[in-house]
Amino acid sequence: MTNTRDSVPMKRYSVFAVAREGLRYHTGWGRAWRSPAPKKKYDVIIVGAGGHGLATAYYLGKNYGITNVAIIEKGWLGGGNTGRNTTIIRSNYLQDPSAAIYDKALSLYESLSQDLNYNIMFSPRGLIMLAQTHHEVRGYLRTVRANELQGVATKWINAEQVKELCPIINIDGPRYPVMGGLYQERGGTARHDAVAWGYARACSDMGMDIIQKCEVTDVRRENGKVVGVSTTKGDIDCDKLGMVVAGHTSVLAEKAGFRLPIESVALQALVSEPIKPCMDVVVMANTVHGYLSQSDKGEMVIGGGTDSFNNYTQRGSFHHAEETVRALVETFPMISRLKMLRQWGGIVDMTGDRSPIISKTPVDGIFVNCGWGTGGFKAIPGSGWAMAELMAKGHSPLAEEFDMYRFREGKFIDESVAAGVAH
Ligand SMILES: Cc1cc2nc3c(=O)[nH]c(=O)nc-3n(C[C@H](O)[C@H](O)[C@H](O)COP(=O)(O)OP(=O)(O)OC[C@H]3O[C@@H](n4cnc5c(N)ncnc54)[C@H](O)[C@@H]3O)c2cc1C
């Protein structure tokens, strides 16, 4: 049922609006987005209201004026991996197509709060990827050179510089002393929910329908072309369909009659009790396999690894939390004295070369955006930008190399080093 407050137009957030609402006890804020009933037909349906789906819809409207769009979500918006990740943002990838799309995303992140009129709490606090073996030193020096050629600013820093940026680190670890690190000053974090909410609010304001608690159960086709979807709220027709469902991509692709080289696994994270500020940089330790940053609330946000078997279990498990913390304690001894508060998991969509798929499909009118695996939060604005261009124009330079057919042709975009730790 459509809520009556849905008809209240969206108000811009500003210091004046906050002051005005403060004076009248915050009674005048409208809904951030509407919750309409689905229409019979849309020009475009996006399945999945995670960051990538919402960003795709947003740039379809903003860049191409396509606003007769529905974003269909089986749960609540941002409730998938977008609301479960550890929010690391960086663009220091090795291969040219990756650097291009991740750096586009980072550039868009830098002004996203202004663009969406929604504070996404982007915090470019700097990011270090630790080198703790000779192999990693060589790998990261190679990435620094590649980034130089791509115009992505990164640099190699030695162990003492690492210690200066992150005093809580133990650079003389018994097994894996810190030998230096790959440093990206523009890297950092953002508030994950706010990214989803900001895009959702802007999409709704453009007249798009965000339909939550509505699962797409089938993809309807006629003569090799998409004509609509069946959902738990009935059939909805469309001219174009974007599948942006992360860990459920293979399930949905099967309903549309094609297969994708995606494996779904659970990826986990945990946070500690809040403590006073002790770390104002993001640190990733690929060798011991874990990474760490401190949230605005003071919690240490800790990322672990993926399960070693395919599954759809959207939850954490004790052995992973134990393994991750045990590995990190060697490099960050102080965390051994912290209590861990919460753990959780998300279903991530892994490709063989650890790069995403943004592509047309064998079904006319169906486009797919997936394969972001353990590291797609950082890519949300760039991915949405490219997917919208592909859906609107049939071609996108940013997406070109991420075609699904690259696996058949052996044109892999190998990012197994850049994605070596789950982030
Ligand atoms: C623990 C963890 C830590 C991570 N840390 C980082 C990090 O630090 N940095 C980083 O860059 N990335 C990180 N990631 C990865 C990142 O979260 C994802 O790559 C990204 O959020 C994927 O966004 P999405 O929009 O594609 O998917 P999602 O946010 O999962 O959205 C997909 C949506 O599709 C919906 N859906 C599925 N099937 C259907 C259906 N049939 N009908 C309707 N709706 C459907 C789901 O309910 C879901 O809401 C992490 C992931 C996890 C799990």
# chains A, B, ... in the order shown; residues from 1 in each chain; ligands from 1

call {"tool": "closest_atom_pairs", "arguments": {"of": "region 62-126 of chain A", "to": "region 385-390 of chain A", "cutoff": "10 Å", "atoms": "only C-alpha atoms", "output": "tab-separated table"}}
result
residue	atom	partner	partner_atom	distance
A:Lys62	CA	A:Ala388	CA	9.6
A:Asn63	CA	A:Ala388	CA	8.1
A:Tyr64	CA	A:Glu389	CA	8.1
A:Ile66	CA	A:Ala388	CA	9.5
A:Ile101	CA	A:Ala386	CA	8.2
A:Lys104	CA	A:Trp385	CA	8.9
A:Ala105	CA	A:Trp385	CA	8.5
A:Leu108	CA	A:Trp385	CA	9.4

call {"tool": "closest_atom_pairs", "arguments": {"of": "chain A", "to": "ligand 1", "cutoff": "6 Å", "atoms": "only C-alpha atoms and all ligand atoms", "output": "tab-separated table"}}
result
residue	atom	partner	partner_atom_place_in_ligand_line	distance
A:Val47	CA	ligand 1	43 (C)	5.3
A:Gly48	CA	ligand 1	34 (O)	3.3
A:Ala49	CA	ligand 1	33 (C)	5.1
A:Gly50	CA	ligand 1	25 (O)	3.4
A:Gly51	CA	ligand 1	25 (O)	4.0
A:His52	CA	ligand 1	25 (O)	3.9
A:Gly53	CA	ligand 1	25 (O)	5.4
A:Ile72	CA	ligand 1	43 (C)	5.4
A:Glu73	CA	ligand 1	44 (N)	3.8
A:Lys74	CA	ligand 1	43 (C)	3.9
A:Gly75	CA	ligand 1	47 (O)	4.9
A:Leu77	CA	ligand 1	49 (O)	5.8
A:Gly78	CA	ligand 1	49 (O)	5.6
A:Gly79	CA	ligand 1	49 (O)	5.0
A:Gly80	CA	ligand 1	30 (O)	3.6
A:Asn81	CA	ligand 1	30 (O)	3.8
A:Thr82	CA	ligand 1	21 (O)	3.4
A:Arg84	CA	ligand 1	53 (C)	5.4
A:Asn85	CA	ligand 1	3 (C)	3.4
A:Thr86	CA	ligand 1	8 (O)	3.8
A:Thr87	CA	ligand 1	8 (O)	4.1
A:Ile88	CA	ligand 1	8 (O)	3.7
A:Ile89	CA	ligand 1	11 (O)	5.6
A:Glu215	CA	ligand 1	42 (N)	3.8
A:Val216	CA	ligand 1	42 (N)	3.9
A:Thr217	CA	ligand 1	41 (N)	5.8
A:Val244	CA	ligand 1	26 (O)	5.6
A:Val245	CA	ligand 1	34 (O)	3.6
A:Ala246	CA	ligand 1	26 (O)	4.4
A:His248	CA	ligand 1	38 (N)	5.0
A:Leu267	CA	ligand 1	53 (C)	4.7
A:Gln268	CA	ligand 1	1 (C)	4.0
A:Ala269	CA	ligand 1	1 (C)	4.5
A:Gly345	CA	ligand 1	1 (C)	5.1
A:Gly346	CA	ligand 1	53 (C)	3.6
A:Ile347	CA	ligand 1	53 (C)	5.8
A:Val348	CA	ligand 1	53 (C)	5.9
A:Cys370	CA	ligand 1	26 (O)	5.9
A:Trp372	CA	ligand 1	19 (O)	4.5
A:Gly373	CA	ligand 1	19 (O)	5.0
A:Thr374	CA	ligand 1	15 (C)	4.1
A:Gly375	CA	ligand 1	12 (N)	3.3
A:Gly376	CA	ligand 1	19 (O)	3.0
A:Phe377	CA	ligand 1	11 (O)	3.5
A:Lys378	CA	ligand 1	11 (O)	3.8
A:His423	CA	ligand 1	7 (C)	3.8

call {"tool": "select_by_dssp", "arguments": {"residues": "region 252-409 of chain A", "states": "strand (DSSP E)", "output": "PyMOL selection string"}}
result
chain A and resi 263-272+282-285+290-294+300-306+340-350+357-360+366-370

call {"tool": "atom_distance", "arguments": {"atom1": "CA of Gly207 (chain A)", "atom2": "CA of Ser14 (chain A)"}}
result
21.7 Å

call {"tool": "closest_residue", "arguments": {"among": "A:Asp296, A:Asp403, A:Glu330, A:Asp43", "to": "Asp172 (chain A)", "atoms": "only C-alpha atoms"}}
result
A:Glu330

call {"tool": "residues_around", "arguments": {"residues": "Pro97 (chain A)", "least_positions_apart": "2", "cutoff": "8 Å", "atoms": "only C-alpha atoms", "output": "PDB file with C-alpha atoms, in the first residue's frame"}}
result
ATOM      1  CA  GLN A  95      45.546  -3.916 -14.472  1.00  0.00           C
ATOM      2  CA  ALA A  99      42.529   1.043 -12.293  1.00  0.00           C
ATOM      3  CA  ALA A 100      40.236   2.981 -14.670  1.00  0.00           C
ATOM      4  CA  ILE A 101      36.942   1.867 -13.109  1.00  0.00           C
ATOM      5  CA  LEU A 398      34.738   1.668 -18.703  1.00  0.00           C
ATOM      6  CA  GLU A 401      36.946  -5.253 -20.790  1.00  0.00           C
ATOM      7  CA  ILE A 413      41.848  -9.344 -15.913  1.00  0.00           C
TER       8      ILE A 413
END

call {"tool": "atom_distance", "arguments": {"atom1": "CA of Ser107 (chain A)", "atom2": "CA of Ile120 (chain A)"}}
result
14.0 Å

call {"tool": "closest_residue", "arguments": {"among": "A:Leu338, A:Leu116, A:Leu23, A:Leu94", "to": "Ala194 (chain A)", "atoms": "only C-alpha atoms"}}
result
A:Leu116

call {"tool": "select_by_dssp", "arguments": {"residues": "region 81-329 of chain A", "states": "alpha helix (DSSP H)", "output": "ChimeraX atom specification"}}
result
/A:96-110,112-116,134-150,159-165,192-205,249-256,318-329
